[in-house]
Amino acid sequence: MARIELRNVQKRWGEAAAVERIDLAIDDGAFVAILGPSGCGKTTTLLMLAGIYSPTSGDIAFDGARVNDVEARDRNVGIVFQSYALYPSMSVLENILFPLRFAKVGRAEGERRAREIAALVQIEPLLERRPSQLSGGQQQRVALARALVKRPRLLLLDEPLSNLDASLRLTMRTEIRRIQRELGVTTILVTHDQIEATTMADRVVVMNAGGIEQEGTARDLYERPATLFVATFIGSPPINLFDGVAAGDAVTVRDATLPLSSLATGEVVLGVRPESVRANGGGMPARVAAVEPMGREVLYTAECPFGAIRFVEAGADARLREGDHVALDYTPGGVLLFDKASGRRLETRIVS
Amino acid sequence: MHAPTLPVATGRPAAADWAALALRARWRRVAEQSVLLALLLAVSLPIILPYFWMVVISFTARSGGVAVSVLWTACAVIVPAVIVYCVVHLATRSTRVRLIAAAALLAATVALLAALVGDALHFANYRFLWRPNIVEEIRSKATAGGQFPSVWIAFRNSLALALSETAIILTVALLAGYYVSRFAFRGREAFLQGLLVLHAFPAMTLIIPLFLILNWIGLLDTIVGVMLVLATIELPFYVFVLKGFFDAVPWDIEMSAMTDGATRRQAFRLVVLPQVRVGLIAVGVFAFIRAWEEYIFVRTMLIENTHWVMSLYLYWVSDDIMGVDYGIVAAVSVFYVLPSLLLYVFCQKYLTQMTIGGIRG
């Protein structure tokens with residue numbers, strides 16, 4: 001177990017920067033998710049932590065000690081790749097024993113630990129099989145066992161669930177969480193799936209274009225996104241965005257002028273979560289353009305004077321049909337304001 | 001309640017038609033397979049027949065001439081047997097019946113052949129294996145000059161040449177293939193294109209310069225010299241083939257091995273190497289056979305008769321006694337072809353995968 005620190009870490013491939021000067025501290029035993037779209041530098045960060053890539057500049061520290069120049073094999077890091085990367089020529093047991101070959105663990109002790117970890121991830125009956133004879137979920141458990149058998153200081157998970165089907169993903173989510181809690185190993189999960197990140201990890205780090213956008217709990221990210229990017233990336237269905245111009249204590253969106261809690265000027269973007277819009281006949285007239293039942297709730301897209309707007313209703317209450325005319329109301333406090341140029345969120349709110 | 005018995009106009013055939021459709025499908029499958037088998041037999045005949053004839057001559061020919069009657073009698077027995085087996089193969093899908101039919105046909109064929117041509121068979125043509133001066137016995141003097149060497153000297157030379165070339169090619173192509181597959185270095189693209197250009201370049205055009213070079217460095221008329229020449233000419237292609245196999249091995253397992261505690265070399269040996277095993281076997285077999293069958297370069301660069309390889313031995317035997325004793329030439333040919341044939345048979349399943357690996361390159 002270790003406390004992990006990234007200080008001003010940068011990774012360049014020639015001219016292009018894959019990771020741009022990031023700072024990050026992860027507490028001992030914490031479960032942190034790095035969330036971002038593909039190409040945002042999250043896997044590069046992971047491979048730098050593993051020691052496969054070395055940072056162009058900046059420091060990586062485990063428990064305060066700089067490990068930049070420590071080779072991957074000496075870092076005692078366990079990693080589960082998206083493809084699981086099991087060794088096809090070895091049986092499941094040999095796969096799990098592989099890391100112990102280099103850890104100076106005796107054969108008998110190794111077998112004992114392998115069986116112990118196999119029991120933890122529930123693959124005991126499969127030990128003699130070849131990876132090619134396993135299903136995706138089983139392969140994933142083997143990969144997890146192999147990463148954990150040497151009792152790593154840090155466990156890295158690279159998109160561990162993306163190759164599983166939906167129901168298995170749900171099981172493995174809880175499973176990985178359980179194993180992490182049981183072992184108390186510092187864990188970093190890299191994913192592009194916000195549900196995966198927010199359900200499994202204690203803290204979520206949102207990355208974009210090589211930099212860290214925001215770090216916080218799932219709730220922080222959802223309710224107080226630091227940037228427009230985080231606001232659009234987190235939340236499903238996605239947030240509604242409208243352009244407006246702020247002048248002093250009011251913001252103008254199309255024809256409407258809304259009062260602000262504190263002063264602001266310039267072009268702004270208003271973000272309204274679909275959940276904070278209701279069709280209770282209160283205010284803005286709109287026409288329902290699309291109805292998408294999603295099980296527990298129904299997603300509507302409506303045309304209003306501001307443009308297209310998405311909102312949801314609980315499935316049981318959903319009565320609206322395409323073409324219906326409704327009046328939409330919203331919670332003023334739920335509207336987020338962003339500076340259009342910098343993308344950063346403004347502290348000012350809309351007051352009713 | 002009565003269901004209305006209105007005719008329903010759909011494209012679905014009535015129930016009775018299913019049997020007819022199934023029958024038609026079965027017949028179509030039989031017809032397709034018969035055509036395929038007939039075609040395969042027809043195209044393989046020109047390849048099989050000369051080899052078959054070679055074997056027949058080696059066991060039947062007596063000094064002076066070739067008895068064609070044995071060949072035709074054997075064909076008259078074997079061809080119907082093959083056709084009968086094809087019919088059985090098409091008629092049934094049961095493996096047991098097919099095996100029984102094959103065994104019965106084989107037994108009948110062997111019995112018939114023994115009865116019809118058994119008297120004509122003899123092993124005298126293979127006496128070159130234990131009597132080194134057979135050419136002198138037939139022609140009273142070998143035109144190749146001096147004492148004709150024992151076939152085992154040529155066999156040993158061939159084996160030494162083929163095995164050492166295989167070893168060189170495997171070692172160099174393995175390391176080079178891995179390197180060009182995994183590492184970025186200045187001039188990598190040019191290097192890869194160079195490999196292909198080298199392979200496309202006809203090696204024969206180099207024969208005179210190579211001859212001179214070998215002469216100058218004192219390796220002319222040595223197995224080592226020919227081995228180096230052959231390995232050099234063949235290497236670019238095999239580097240490219242093995243690069244293809246390495247390209248197909250995911251980086252992930254190598255990274256994984258290194259985080260598991262392996263050095264890069266250990267990761268290569270323990271994790272990557274088992275993944276390219278098939279490619280190694282294929283390259284090894286091809287390199288061996290290629291050196292075993294080599295003629296032009298050994299003909300040019302090996303002179304002394306104690307340095308002959310099998311192809312040269314065969315050439316000189318036929319040069320000396322062709323027209324006098326076809327049987328011995330055929331027997332030497334059979335002996336020459338046997339090792340590569342056996343290698344091919346045992347490694348066939350690996351060889352067919354070489355093209356797959358190559359395509360990925």
# chains A, B, ... in the order shown; residues from 1 in each chain; ligands from 1

call {"tool": "interface_residues", "arguments": {"of": "chain B", "to": "chain A", "cutoff": "7 Å", "atoms": "only C-alpha atoms", "output": "list of chain:residue names"}}
result
B:Asp252, B:Ile253, B:Met255, B:Ser256, B:Met258, B:Thr259, B:Asp260, B:Gly261, B:Ala262, B:Thr263, B:Val271, B:Pro274

call {"tool": "residues_around", "arguments": {"residues": "stretch 307-322 of chain B", "least_positions_apart": "3", "cutoff": "10 Å", "atoms": "only C-alpha atoms", "output": "number ranges by chain"}}
result
B: 64, 134-136, 138-139, 141-144, 148-161, 221-223, 292-296, 298-299, 301-304, 325-333, 335-337

call {"tool": "write_last_selection", "arguments": {"atoms": "N, CA and C atoms", "output": "short mmCIF file (atom, residue, chain, number, x, y, z; two decimals), in the first residue's frame"}}
result
data_model
loop_
_atom_site.label_atom_id
_atom_site.label_comp_id
_atom_site.auth_asym_id
_atom_site.auth_seq_id
_atom_site.Cartn_x
_atom_site.Cartn_y
_atom_site.Cartn_z
N GLY B 64 20.11 -51.08 -67.50
CA GLY B 64 19.84 -51.04 -68.93
C GLY B 64 18.58 -50.33 -69.31
N ILE B 134 30.14 -47.40 -56.53
CA ILE B 134 29.18 -48.00 -57.44
C ILE B 134 29.33 -47.45 -58.86
N VAL B 135 29.66 -46.16 -58.97
CA VAL B 135 29.78 -45.56 -60.30
C VAL B 135 30.94 -46.19 -61.07
N GLU B 136 32.04 -46.39 -60.36
CA GLU B 136 33.18 -47.02 -61.00
C GLU B 136 32.82 -48.43 -61.46
N ILE B 138 29.96 -49.50 -62.50
CA ILE B 138 29.10 -49.51 -63.69
C ILE B 138 29.85 -49.00 -64.92
N ARG B 139 30.55 -47.87 -64.72
CA ARG B 139 31.20 -47.25 -65.87
C ARG B 139 32.68 -47.58 -65.97
N LYS B 141 34.99 -46.23 -64.86
CA LYS B 141 35.73 -45.05 -64.41
C LYS B 141 34.75 -43.88 -64.32
N ALA B 142 34.82 -43.11 -63.23
CA ALA B 142 33.91 -41.98 -63.08
C ALA B 142 34.44 -40.78 -63.84
N THR B 143 33.56 -40.13 -64.63
CA THR B 143 34.01 -38.97 -65.40
C THR B 143 34.22 -37.76 -64.51
N ALA B 144 33.61 -37.78 -63.32
CA ALA B 144 33.78 -36.65 -62.42
C ALA B 144 35.23 -36.52 -61.98
N PHE B 148 34.76 -41.66 -56.84
CA PHE B 148 33.44 -41.13 -56.54
C PHE B 148 33.22 -41.24 -55.03
N PRO B 149 32.77 -40.15 -54.36
CA PRO B 149 32.68 -40.23 -52.89
C PRO B 149 31.47 -41.05 -52.46
N SER B 150 31.49 -41.48 -51.20
CA SER B 150 30.34 -42.18 -50.64
C SER B 150 29.17 -41.21 -50.51
N VAL B 151 27.97 -41.73 -50.67
CA VAL B 151 26.79 -40.89 -50.56
C VAL B 151 26.68 -40.28 -49.16
N TRP B 152 27.25 -40.98 -48.18
CA TRP B 152 27.11 -40.49 -46.81
C TRP B 152 27.92 -39.24 -46.56
N ILE B 153 28.99 -39.06 -47.32
CA ILE B 153 29.76 -37.81 -47.20
C ILE B 153 28.90 -36.65 -47.69
N ALA B 154 28.25 -36.88 -48.85
CA ALA B 154 27.38 -35.84 -49.39
C ALA B 154 26.21 -35.58 -48.44
N PHE B 155 25.69 -36.66 -47.88
CA PHE B 155 24.56 -36.52 -46.96
C PHE B 155 24.97 -35.70 -45.74
N ARG B 156 26.15 -36.03 -45.22
CA ARG B 156 26.64 -35.31 -44.05
C ARG B 156 26.86 -33.83 -44.38
N ASN B 157 27.45 -33.55 -45.53
CA ASN B 157 27.67 -32.17 -45.94
C ASN B 157 26.34 -31.42 -46.07
N SER B 158 25.37 -32.08 -46.72
CA SER B 158 24.06 -31.45 -46.88
C SER B 158 23.44 -31.14 -45.53
N LEU B 159 23.54 -32.11 -44.63
CA LEU B 159 22.95 -31.94 -43.31
C LEU B 159 23.63 -30.79 -42.58
N ALA B 160 24.96 -30.74 -42.66
CA ALA B 160 25.70 -29.68 -41.99
C ALA B 160 25.30 -28.32 -42.56
N LEU B 161 25.21 -28.26 -43.89
CA LEU B 161 24.83 -27.00 -44.53
C LEU B 161 23.43 -26.57 -44.11
N ASP B 221 34.84 -23.16 -52.03
CA ASP B 221 34.91 -24.61 -51.89
C ASP B 221 34.91 -25.04 -50.41
N THR B 222 34.15 -24.30 -49.58
CA THR B 222 33.92 -24.76 -48.20
C THR B 222 32.43 -24.70 -47.91
N ILE B 223 31.99 -25.58 -47.04
CA ILE B 223 30.57 -25.58 -46.64
C ILE B 223 30.24 -24.27 -45.92
N TRP B 292 18.65 -27.52 -48.13
CA TRP B 292 18.75 -28.93 -48.54
C TRP B 292 18.63 -29.06 -50.05
N GLU B 293 17.76 -28.25 -50.64
CA GLU B 293 17.49 -28.39 -52.08
C GLU B 293 18.38 -27.47 -52.91
N GLU B 294 19.21 -26.64 -52.25
CA GLU B 294 20.01 -25.67 -52.99
C GLU B 294 20.90 -26.35 -54.04
N TYR B 295 20.93 -25.77 -55.25
CA TYR B 295 21.75 -26.36 -56.29
C TYR B 295 22.73 -25.35 -56.91
N ILE B 296 22.18 -24.22 -57.39
CA ILE B 296 23.01 -23.30 -58.18
C ILE B 296 24.25 -22.84 -57.42
N VAL B 298 25.68 -24.07 -54.68
CA VAL B 298 26.63 -25.12 -54.30
C VAL B 298 27.36 -25.63 -55.54
N ARG B 299 26.66 -25.65 -56.66
CA ARG B 299 27.28 -26.09 -57.92
C ARG B 299 28.44 -25.16 -58.28
N MET B 301 30.06 -23.01 -56.08
CA MET B 301 31.04 -22.69 -55.05
C MET B 301 31.66 -23.90 -54.37
N LEU B 302 31.15 -25.09 -54.64
CA LEU B 302 31.77 -26.29 -54.07
C LEU B 302 32.39 -27.08 -55.20
N ILE B 303 33.65 -27.40 -55.09
CA ILE B 303 34.35 -28.01 -56.21
C ILE B 303 34.84 -29.42 -55.88
N GLU B 304 35.61 -29.53 -54.84
CA GLU B 304 36.19 -30.82 -54.43
C GLU B 304 35.07 -31.84 -54.17
N ASP B 325 21.95 -46.57 -66.25
CA ASP B 325 21.20 -47.17 -65.15
C ASP B 325 20.26 -46.13 -64.53
N TYR B 326 19.05 -46.07 -65.03
CA TYR B 326 18.07 -45.13 -64.49
C TYR B 326 17.70 -45.47 -63.06
N GLY B 327 17.73 -46.75 -62.75
CA GLY B 327 17.29 -47.21 -61.43
C GLY B 327 18.07 -46.55 -60.32
N ILE B 328 19.39 -46.45 -60.49
CA ILE B 328 20.21 -45.88 -59.42
C ILE B 328 19.94 -44.37 -59.29
N VAL B 329 19.80 -43.69 -60.44
CA VAL B 329 19.50 -42.25 -60.39
C VAL B 329 18.19 -42.04 -59.63
N ALA B 330 17.19 -42.85 -59.94
CA ALA B 330 15.90 -42.72 -59.26
C ALA B 330 16.04 -43.01 -57.78
N ALA B 331 16.83 -44.02 -57.44
CA ALA B 331 17.00 -44.38 -56.03
C ALA B 331 17.69 -43.25 -55.26
N VAL B 332 18.72 -42.66 -55.89
CA VAL B 332 19.39 -41.52 -55.24
C VAL B 332 18.40 -40.37 -55.06
N SER B 333 17.57 -40.15 -56.08
CA SER B 333 16.57 -39.08 -55.97
C SER B 333 15.63 -39.33 -54.80
N PHE B 335 16.19 -41.06 -52.14
CA PHE B 335 16.95 -40.87 -50.90
C PHE B 335 17.13 -39.37 -50.61
N TYR B 336 17.34 -38.59 -51.66
CA TYR B 336 17.55 -37.14 -51.52
C TYR B 336 16.27 -36.45 -51.07
N VAL B 337 15.16 -36.87 -51.60
CA VAL B 337 13.89 -36.19 -51.33
C VAL B 337 13.32 -36.54 -49.96
#

call {"tool": "atom_distance", "arguments": {"atom1": "atom CA of A:Arg66", "atom2": "atom CA of A:Thr44"}}
result
18.4 Å

call {"tool": "select_by_dssp", "arguments": {"residues": "stretch 69-299 of chain A", "states": "alpha helix (DSSP H)", "output": "ChimeraX atom specification"}}
result
/A:92-101,107-120,136-148,166-183,194-200,218-223,228-233

call {"tool": "closest_residue", "arguments": {"among": "A:Ser38, A:Gln139, A:Thr217, A:Thr56", "to": "A:Val205", "atoms": "only C-alpha atoms"}}
result
A:Thr217

call {"tool": "select_by_dssp", "arguments": {"residues": "stretch 60-252 of chain A", "states": "strand (DSSP E)", "output": "PyMOL selection string"}}
result
chain A and resi 60-62+65-66+77-80+154-158+186-191+203-208+211-216+240-252

call {"tool": "atom_distance", "arguments": {"atom1": "atom CA of B:Thr73", "atom2": "atom CA of B:Ala61"}}
result
14.6 Å

call {"tool": "atom_distance", "arguments": {"atom1": "atom CA of A:Glu275", "atom2": "atom CA of A:Arg224"}}
result
15.2 Å

call {"tool": "residues_around", "arguments": {"residues": "stretch 176-189 of chain B", "least_positions_apart": "2", "cutoff": "7 Å", "atoms": "only C-alpha atoms", "output": "list in words"}}
result
Val172, Ala173, Leu174, Phe191, Leu192, Gln193, Val239, Phe240, Leu242, Lys243, Phe246 and Asp247 of chain B

call {"tool": "write_last_selection", "arguments": {"atoms": "C-alpha atoms", "output": "PDB file, in the first residue's frame"}}
result
ATOM      1  CA  VAL B 172      19.301 -13.646 -36.612  1.00  0.00           C
ATOM      2  CA  ALA B 173      15.749 -13.444 -37.958  1.00  0.00           C
ATOM      3  CA  LEU B 174      14.307 -13.960 -34.473  1.00  0.00           C
ATOM      4  CA  PHE B 191      15.128  -0.747 -43.429  1.00  0.00           C
ATOM      5  CA  LEU B 192      11.812  -2.553 -43.874  1.00  0.00           C
ATOM      6  CA  GLN B 193      11.526  -1.451 -47.485  1.00  0.00           C
ATOM      7  CA  VAL B 239      13.215 -11.302 -40.882  1.00  0.00           C
ATOM      8  CA  PHE B 240      10.116  -9.937 -42.523  1.00  0.00           C
ATOM      9  CA  LEU B 242       9.065 -13.151 -38.180  1.00  0.00           C
ATOM     10  CA  LYS B 243       8.415  -9.431 -37.830  1.00  0.00           C
ATOM     11  CA  PHE B 246       5.902 -10.441 -33.559  1.00  0.00           C
ATOM     12  CA  ASP B 247       3.537  -7.724 -34.762  1.00  0.00           C
TER      13      ASP B 247
END

call {"tool": "residues_around", "arguments": {"residues": "stretch 276-290 of chain B", "least_positions_apart": "6", "cutoff": "10 Å", "atoms": "only C-alpha atoms", "output": "ChimeraX atom specification"}}
result
/B:158-159,161-171,173-174,230-231,234-235,237-239,241-249,337,339-341,343-344,347-358
